[in-house]
Structures are given as C-alpha cells and as structure tokens.
Amino acid sequence: MTQTLLRGRLLTFHRAPESGEDSGAYTYLEDGGLLIGDGLIRQMGPFDELSVQAGHVPVIDHRPHLMMAGFIDTHIHFPQVQVIASWGAQLLDWLNTYTFPEETRFASETHSAVMARAFFDQIIAHGTTTAVAFCSVHKASVEAYFAEATRRNMRMLGGKVLMDRNAPDALRDTPQGGYDDSKALIGDWHGKGRNGYVISPRFAITSTPEQMEMAQALAREHPECHIQTHLSENKDEIAYTARLYPKARDYLDVYESHGLLGPKALLGHAIHLEEREIAALAETGAHPVFCPTSNLFLGSGLFDDAGLRARGIVNGIATDVGGGTSYSMLQTLNEGYKVLQLRGQSLHPLRAFDWITRGNACVLGMEDRIGTLEAGTEADIVVLNARSTPAMALRMDRADTLAEELFVLQMMGDDRAIEEVYIAGASAKSVLAPDEK
Ligand code: GUN
Ligand code: ZN
C-alpha cells in the first residue's frame with residue numbers, strides 16, 4: 001500500500017463542544033500528522049511519532065495551515081448552478097420565475113454532464129467533500145451527477161426530485177413514472193463506489209397524495225436510502241400546502257402520514273414550525289436542515305437552532321444553492337451566525353466547525369466514515385488558511401487562540417481560504433478535472 005504522511009496543524013472533533021472552554025470535545029495538534037493510504041486515514045497523531053513509525057514515506061507539509069475533515073453540505077440543488085443570485089423574489093415566485101425554467105434544461109444529457117463538472121469543481125474548490133443534492137426530475141441529471149461523483153471518487157448523496165403537479169409540463173413526472181425512475185436509479189447507483197441514493201419528493205406543493213404514497217413505497221422498499229424534502233420554509237408555501245392537503249394536521253403531517261420521517265429524513269429549512277411538528281420531529285429522529293444564506297436571500301425567516309436542539313433534535317446545516325448564495329460552508333457559517341444573533345442565539349466557532357464536519361456526518365449517520373480525522377475513516381480532508389486575504393491576515397495578527405482563528409475563517413473565509421482538498425486521500429483542489437490531466 002502506498003502511504004503518504006500529511007503534516008500540519010490538525011483539528012478534529014469527538015463530540016459537539018458545549019462551550020468555548022470544552023477542550024475535551026476535540027483534538028488539536030500544533031504539529032500534527034495524518035498517515036493516509038488506500039483512501040483511508042491510517043493514523044492520526046503528533047507528526048514526530050508518526051514519522052518514526054511510518055519510516056520512509058513521502059511527506060506533504062501543510063504547515064502553518066490547519067487540516068480538518070472535509071466539509072459536508074447536507075442540502076444543495078445540483079441543477080441550480082445557474083440559478084444562484086437570481087433577483088427579487090420570495091420562494092414560490094423564485095421557483096416559478098427562475099428555478100423551474102432552468103431545471104427543464106437538465107432533460108439533456110449533455111447539459112447535465114457539463115453542469116455536473118462545473119458543480120463538482122465548485123463544491124471542491126469551496127472545501128466540500130460530501131454533499132446531499134437534489135437533482136432535477138430527469139433521470140439524465142441523476143446519471144450525470146453520480147457519474148461525475150464516481151469519476152472523482154467522492155462520497156456523494158442525491159436523487160431525482162419527484163414532482164407531479166404545480167410545475168411546468170417539462171418538469172412533471174407521474175406517481176408511477178417517478179417511482180420507476182427512482183427504483184432504476186437506486187439499482188444503478190446506490191452503493192456503487194461511494195454513492196448513496198436519496199429518495200427526494202421535492203415538497204408537498206409539487207407532489208400529489210398519490211405521489212407521496214409512491215415515495216412511501218420507495219422508502220419502505222429501500223430503508224438503506226436517505227429521504228430529503230423541504231418543510232415550512234415560507235408562509236405562503238405553508239398556506240398553499242394546507243389547501244392542497246386539507247386533512248393534514250400541519251405541514252409535517254403530509255410527510256409523517258406517508259411514513260417519510262425517521263433518522264434518515266432530511267428536512268430543508270423547517271423554520272415556521274408548530275409545537276406538534278417539533279414534538280414529532282423529536283420523536284421520529286428526523287433532521288431539520290438550517291440553510292442560512294438561502295433563508296436570508298429568499299426572506300424566508302430565522303431558524304430556531306437552540307429551540308430545536310433543546311428538544312433533542314439534531315439539526316444539519318447547508319448551503320441550499322441556488323436559493324443559497326454561496327457554495328462555501330464557511331460563508332454558510334457566517335450567515336448562520338448572523339441569523340442566530342437575530343434570534344438571540346450564538347454560534348461559537350468551535351461548535352460551528354464541528355457542525356460542518358462531524359455534526360453533519362452524524363445527521364447522515366455516517367460519522368464512522370466521514371467528518372473526522374480518526375484512524376479508519378475516509379481520507380476526505382480540507383487544509384485551511386486563515387490568512388488567505390489581506391483583510392484576514394490583518395485580523396489574524398491580533399488572534400491569539402484557536403477559537404479566534406476559527407472565527408476569522410467562519411466570518412471572513414471563502415474558497416480563497418481552502419489551500420488544498422484531499423478526496424479519499426488524493427489531492428483534488430489542484431486537479432479539478434481529473435481526466436483532463
Ligand atoms: N422548495 C421546493 N423546491 C425548492 C428549491 O428548489 N429551493 C428552495 N429553497 N426551496 C424549495
Ligand atoms: Zn432546497
């Protein structure tokens with residue numbers, strides 16, 4: 001086995017830090033080493049010790065930069081790479097005016113393949129090594145997405161959106177057609193390489209009850225698959241959902257009554273929740289996903305992170321590009337910090353960096369494989385430079401602690417702060433399109 005020893009400052013989390021002083025929640029090494037081989041982290045520890053044990057292996061020295069687990073984005077839309085930054089609308093108008101017309105283009109295999117390359121280039125450049133994506137309604141978009149993920153050997157999750165009403169003709173499937181396509185895609189892609197299929201009813205408004213029943217059948221037949229959808233993002237959306245599902249007790253009940261909740265369920269936004277819905281989220285172990293840049297951009301509302309966590313709910317955090325305005329999980333933390341400030345809550349940098357790595361891995365039930373730098377996990381690693389812009393360097397001259405450095409990255413960092421990315425042990429940032437070498 002060929003092995004490589006990475007050297008640098010090193011940070012990995014063992015659990016969510018309860019405060020800024022909770023040093024037992026993480027390991028930080030000023031001169032750390034990561035021995036990687038066959039796509040895995042073989043050993044983590046002080047560089048001196050590892051270099052003696054490893055003998056003559058090539059060393060890549062990233063000092064003074066900071067090595068962490070690659071970032072995980074738990075909610076993003078692959079067919080919205082050219083929707084990001086579309087002006088002036090809230091959710092339902094934004095979908096009808098910009099998003100749905102754009103997604104019709106993903107019926108084309110060629111367009112899907114070109115956009116898949118661009119999408120993967122972007123997420124890697126921003127330090128994201130795992131993402132959970134909605135593809136379009138078309139099988140071709142999912143094929144392109146997983147083909148590109150496979151080519152880059154990335155641990156990626158995603159699925160075809162199920163949508164059979166309230167959308168342009170070219171974007172509608174049928175309950176049976178959506179089921180058949182999803183079933184075929186699961187067979188072709190789930191568990192192939194590092195790919196995971198996600199059953200993806202888009203949201204209550206674009207699926208008939210008949211389609212929700214088919215989503216339920218898929219979920220029952222494929223308990224190994226995650227499920228993703230949108231929940232209570234916008235007040236007009238909630239009112240429309242109530243008209244479309246008059247028997248539902250509330251928005252969440254549309255999904256709950258179709259057996260779609262559980263620890264594998266990822267519910268984007270979850271902003272305007274009723275008490276009954278919060279109790280049901282806690283009981284079922286489903287995961288709300290906080291999408292701060294999107295929630296601010298679309299004027300959707302302020303996520304109640306502390307309120308949900310106090311009920312034992314485990315929240316994800318994500319970009320939601322193209323409603324979200326940046327691929328960067330650092331910028332996501334920046335806006336997340338501000339949203340929570342407006343709610344009188346606080347996002348400490350130690351917790352923030354745990355959240356976009358180990359925390360999001362826990363949301364996916366994958367913390368034994370991704371999200372930390374523990375030996376035996378997959379070697380998806382990001383190398384961060386907190387002095388990547390002159391303004392950051394100036395601020396860093398007054399930063400004395402690890403928490404301060406992390407906060408500079410959280411508030412000011414973006415793709416320029418990403419020095420290097422390793423995917424399954426292979427350098428990826430400097431080689432964005434592997435087959436063009
Ligand atoms: N709800 C249903 N579809 C979408 C989408 O594409 N983006 C956002 N932000 N919300 C949605
Ligand atoms: Zn979304």
# chains A, B, ... in the order shown; residues from 1 in each chain; ligands from 1
call {"tool": "residues_near_ligand", "arguments": {"ligand": "ligand 2", "cutoff": "8 Å", "atoms": "only C-alpha atoms and all ligand atoms", "output": "list in words"}}
result
His75, Ile76, His77, Phe134, Thr229, His230, Gly268, His269, Asp320, Val321, Gly322 and Gly323 of chain A
call {"tool": "closest_atom_pairs", "arguments": {"of": "stretch 97-147 of chain A", "to": "stretch 325-337 of chain A", "cutoff": "9 Å", "atoms": "only C-alpha atoms", "output": "CSV"}}
result
residue,atom,partner,partner_atom,distance
A:Gln122,CA,A:Tyr327,CA,7.0
A:Ile123,CA,A:Tyr327,CA,6.1
A:Ala125,CA,A:Ser328,CA,8.8
A:His126,CA,A:Ser328,CA,5.2
A:Gly127,CA,A:Ser328,CA,7.4
A:Thr128,CA,A:Met329,CA,7.4
call {"tool": "write_last_selection", "arguments": {"atoms": "all heavy atoms", "output": "mmCIF file, in the first residue's frame"}}
result
data_model
loop_
_atom_site.group_PDB
_atom_site.id
_atom_site.type_symbol
_atom_site.label_atom_id
_atom_site.label_comp_id
_atom_site.auth_asym_id
_atom_site.auth_seq_id
_atom_site.Cartn_x
_atom_site.Cartn_y
_atom_site.Cartn_z
ATOM 1 N N GLN A 122 -16.978 23.398 -8.301
ATOM 2 C CA GLN A 122 -17.311 24.438 -7.327
ATOM 3 C C GLN A 122 -17.288 23.899 -5.898
ATOM 4 O O GLN A 122 -16.691 24.514 -5.010
ATOM 5 C CB GLN A 122 -18.683 25.054 -7.628
ATOM 6 C CG GLN A 122 -18.679 26.031 -8.771
ATOM 7 C CD GLN A 122 -17.633 27.129 -8.577
ATOM 8 O OE1 GLN A 122 -17.528 27.736 -7.516
ATOM 9 N NE2 GLN A 122 -16.854 27.372 -9.607
ATOM 10 N N ILE A 123 -17.938 22.789 -5.669
ATOM 11 C CA ILE A 123 -18.010 22.350 -4.265
ATOM 12 C C ILE A 123 -16.610 21.988 -3.753
ATOM 13 O O ILE A 123 -16.257 22.322 -2.630
ATOM 14 C CB ILE A 123 -19.052 21.234 -4.011
ATOM 15 C CG1 ILE A 123 -18.732 19.952 -4.720
ATOM 16 C CG2 ILE A 123 -20.458 21.707 -4.341
ATOM 17 C CD1 ILE A 123 -19.639 18.793 -4.251
ATOM 18 N N ALA A 125 -13.721 23.238 -4.781
ATOM 19 C CA ALA A 125 -12.969 24.486 -4.594
ATOM 20 C C ALA A 125 -13.342 25.162 -3.276
ATOM 21 O O ALA A 125 -12.544 25.889 -2.689
ATOM 22 C CB ALA A 125 -13.237 25.435 -5.759
ATOM 23 N N HIS A 126 -14.563 24.911 -2.805
ATOM 24 C CA HIS A 126 -15.008 25.521 -1.556
ATOM 25 C C HIS A 126 -14.801 24.604 -0.348
ATOM 26 O O HIS A 126 -15.283 24.893 0.742
ATOM 27 C CB HIS A 126 -16.483 25.935 -1.674
ATOM 28 C CG HIS A 126 -16.685 27.140 -2.536
ATOM 29 N ND1 HIS A 126 -16.748 27.069 -3.912
ATOM 30 C CD2 HIS A 126 -16.798 28.457 -2.224
ATOM 31 C CE1 HIS A 126 -16.915 28.299 -4.405
ATOM 32 N NE2 HIS A 126 -16.951 29.149 -3.409
ATOM 33 N N GLY A 127 -14.131 23.488 -0.533
ATOM 34 C CA GLY A 127 -13.774 22.637 0.601
ATOM 35 C C GLY A 127 -14.808 21.588 0.977
ATOM 36 O O GLY A 127 -14.680 20.922 1.999
ATOM 37 N N THR A 128 -15.829 21.428 0.149
ATOM 38 C CA THR A 128 -16.876 20.441 0.440
ATOM 39 C C THR A 128 -16.501 19.104 -0.207
ATOM 40 O O THR A 128 -16.248 19.039 -1.410
ATOM 41 C CB THR A 128 -18.234 20.939 -0.092
ATOM 42 O OG1 THR A 128 -18.589 22.113 0.653
ATOM 43 C CG2 THR A 128 -19.321 19.896 0.060
#
call {"tool": "select_by_dssp", "arguments": {"residues": "stretch 9-54 of chain A", "states": "helix (DSSP H, G or I)", "output": "list in words"}}
result
Ser23, Gly24, Ala25, Phe47, Asp48, Glu49, Leu50, Ser51, Val52, Gln53 and Ala54 of chain A
call {"tool": "residues_around", "arguments": {"residues": "A:His190", "least_positions_apart": "6", "cutoff": "9 Å", "atoms": "only C-alpha atoms", "output": "PyMOL selection string"}}
result
chain A and resi 157+196-198+224-225
call {"tool": "residues_around", "arguments": {"residues": "stretch 176-188 of chain A", "least_positions_apart": "6", "cutoff": "8 Å", "atoms": "only C-alpha atoms", "output": "tab-separated table (two decimals) with N, CA, C and O atoms, in the first residue's frame"}}
result
chain	number	residue	atom	x	y	z
A	139	LYS	N	-34.11	11.73	-15.17
A	139	LYS	CA	-33.11	10.71	-14.87
A	139	LYS	C	-31.71	11.14	-15.31
A	139	LYS	O	-30.71	10.85	-14.65
A	142	VAL	N	-29.56	12.86	-12.79
A	142	VAL	CA	-29.04	11.99	-11.72
A	142	VAL	C	-27.88	11.14	-12.25
A	142	VAL	O	-26.87	10.94	-11.57
A	143	GLU	N	-28.05	10.66	-13.48
A	143	GLU	CA	-26.97	9.87	-14.11
A	143	GLU	C	-25.69	10.72	-14.17
A	143	GLU	O	-24.60	10.25	-13.85
A	159	GLY	N	-30.55	12.48	-5.40
A	159	GLY	CA	-31.64	11.76	-6.03
A	159	GLY	C	-32.47	12.64	-6.94
A	159	GLY	O	-32.37	13.87	-6.91
A	160	LYS	N	-33.26	11.99	-7.73
A	160	LYS	CA	-34.19	12.64	-8.66
A	160	LYS	C	-35.36	13.23	-7.87
A	160	LYS	O	-35.95	12.53	-7.04
A	162	LEU	N	-39.02	14.03	-7.11
A	162	LEU	CA	-40.36	13.58	-7.50
A	162	LEU	C	-41.23	14.82	-7.52
A	162	LEU	O	-41.31	15.55	-6.52
A	163	MET	N	-41.86	15.11	-8.65
A	163	MET	CA	-42.77	16.28	-8.72
A	163	MET	C	-43.77	16.05	-9.85
A	163	MET	O	-43.40	15.91	-11.01
A	197	TYR	N	-28.08	6.86	-2.77
A	197	TYR	CA	-29.29	7.43	-3.37
A	197	TYR	C	-30.20	8.01	-2.28
A	197	TYR	O	-30.35	7.44	-1.21
A	199	ILE	N	-34.11	9.34	-1.70
A	199	ILE	CA	-35.50	9.45	-2.18
A	199	ILE	C	-35.94	10.90	-1.94
A	199	ILE	O	-35.83	11.40	-0.82
A	211	GLN	N	-48.48	10.58	-5.37
A	211	GLN	CA	-47.02	10.51	-5.48
A	211	GLN	C	-46.38	10.32	-4.10
A	211	GLN	O	-45.39	9.58	-3.98
A	214	MET	N	-46.30	6.78	-3.40
A	214	MET	CA	-45.21	6.09	-4.10
A	214	MET	C	-43.87	6.35	-3.42
A	214	MET	O	-43.02	5.46	-3.36
A	215	ALA	N	-43.68	7.56	-2.90
A	215	ALA	CA	-42.45	7.85	-2.15
A	215	ALA	C	-42.39	6.97	-0.91
A	215	ALA	O	-41.33	6.45	-0.54
A	218	LEU	N	-41.30	3.55	-1.94
A	218	LEU	CA	-39.84	3.53	-2.16
A	218	LEU	C	-39.09	3.48	-0.83
A	218	LEU	O	-38.12	2.72	-0.67
call {"tool": "residues_around", "arguments": {"residues": "A:Gly316", "least_positions_apart": "5", "cutoff": "8 Å", "atoms": "only C-alpha atoms", "output": "PDB file with C-alpha atoms, in the first residue's frame"}}
result
ATOM      1  CA  THR A  74     -26.480  18.425   3.712  1.00  0.00           C
ATOM      2  CA  HIS A 287     -33.322  16.131  10.875  1.00  0.00           C
ATOM      3  CA  PRO A 288     -34.180  19.755  10.103  1.00  0.00           C
ATOM      4  CA  VAL A 289     -31.511  21.389   7.927  1.00  0.00           C
ATOM      5  CA  PHE A 290     -30.639  25.051   8.523  1.00  0.00           C
ATOM      6  CA  TRP A 355     -21.235  21.244  12.792  1.00  0.00           C
ATOM      7  CA  GLY A 359     -22.079  17.211  13.145  1.00  0.00           C
ATOM      8  CA  ASN A 360     -23.362  16.951   9.581  1.00  0.00           C
ATOM      9  CA  VAL A 363     -27.029  13.912  10.679  1.00  0.00           C
TER      10      VAL A 363
END
call {"tool": "residues_around", "arguments": {"residues": "A:Lys338", "least_positions_apart": "6", "cutoff": "10 Å", "atoms": "only C-alpha atoms", "output": "list in words"}}
result
Pro292, Thr293, Leu296, Leu302, Gly344, Gln345, Ser346, Leu347 and Met411 of chain A
call {"tool": "write_last_selection", "arguments": {"atoms": "N, CA and C atoms", "output": "PDB file, in the first residue's frame"}}
result
ATOM      1  N   PRO A 292     -28.894  28.998   6.086  1.00  0.00           N
ATOM      2  CA  PRO A 292     -28.943  30.433   6.401  1.00  0.00           C
ATOM      3  C   PRO A 292     -28.831  31.373   5.209  1.00  0.00           C
ATOM      4  N   THR A 293     -27.927  31.108   4.257  1.00  0.00           N
ATOM      5  CA  THR A 293     -27.797  32.092   3.165  1.00  0.00           C
ATOM      6  C   THR A 293     -29.076  32.117   2.336  1.00  0.00           C
ATOM      7  N   LEU A 296     -32.010  33.957   4.295  1.00  0.00           N
ATOM      8  CA  LEU A 296     -31.881  35.417   4.233  1.00  0.00           C
ATOM      9  C   LEU A 296     -32.175  35.903   2.821  1.00  0.00           C
ATOM     10  N   LEU A 302     -36.128  33.023  10.235  1.00  0.00           N
ATOM     11  CA  LEU A 302     -34.973  32.784  11.112  1.00  0.00           C
ATOM     12  C   LEU A 302     -35.112  31.427  11.797  1.00  0.00           C
ATOM     13  N   GLY A 344     -31.194  35.932  19.105  1.00  0.00           N
ATOM     14  CA  GLY A 344     -30.634  35.971  20.461  1.00  0.00           C
ATOM     15  C   GLY A 344     -29.863  34.711  20.797  1.00  0.00           C
ATOM     16  N   GLN A 345     -29.424  33.993  19.756  1.00  0.00           N
ATOM     17  CA  GLN A 345     -28.646  32.771  19.968  1.00  0.00           C
ATOM     18  C   GLN A 345     -27.221  33.021  19.480  1.00  0.00           C
ATOM     19  N   SER A 346     -26.328  32.093  19.823  1.00  0.00           N
ATOM     20  CA  SER A 346     -24.941  32.336  19.446  1.00  0.00           C
ATOM     21  C   SER A 346     -24.333  31.075  18.844  1.00  0.00           C
ATOM     22  N   LEU A 347     -23.461  31.256  17.882  1.00  0.00           N
ATOM     23  CA  LEU A 347     -22.815  30.113  17.233  1.00  0.00           C
ATOM     24  C   LEU A 347     -21.308  30.236  17.457  1.00  0.00           C
ATOM     25  N   MET A 411     -16.181  33.893   9.678  1.00  0.00           N
ATOM     26  CA  MET A 411     -16.806  35.155   9.278  1.00  0.00           C
ATOM     27  C   MET A 411     -16.248  35.714   7.976  1.00  0.00           C
TER      28      MET A 411
END
call {"tool": "residues_around", "arguments": {"residues": "stretch 88-95 of chain A", "least_positions_apart": "2", "cutoff": "9 Å", "atoms": "only C-alpha atoms", "output": "VMD selection string"}}
result
chain A and resid 86 97 to 101 233 to 234 236 to 237 297 to 300 323
call {"tool": "select_by_dssp", "arguments": {"residues": "stretch 113-325 of chain A", "states": "strand (DSSP E or B)", "output": "number ranges by chain"}}
result
A: 128-134, 157-159, 161-162, 196-201, 226-231, 265-269, 287-290, 316-317, 321, 324
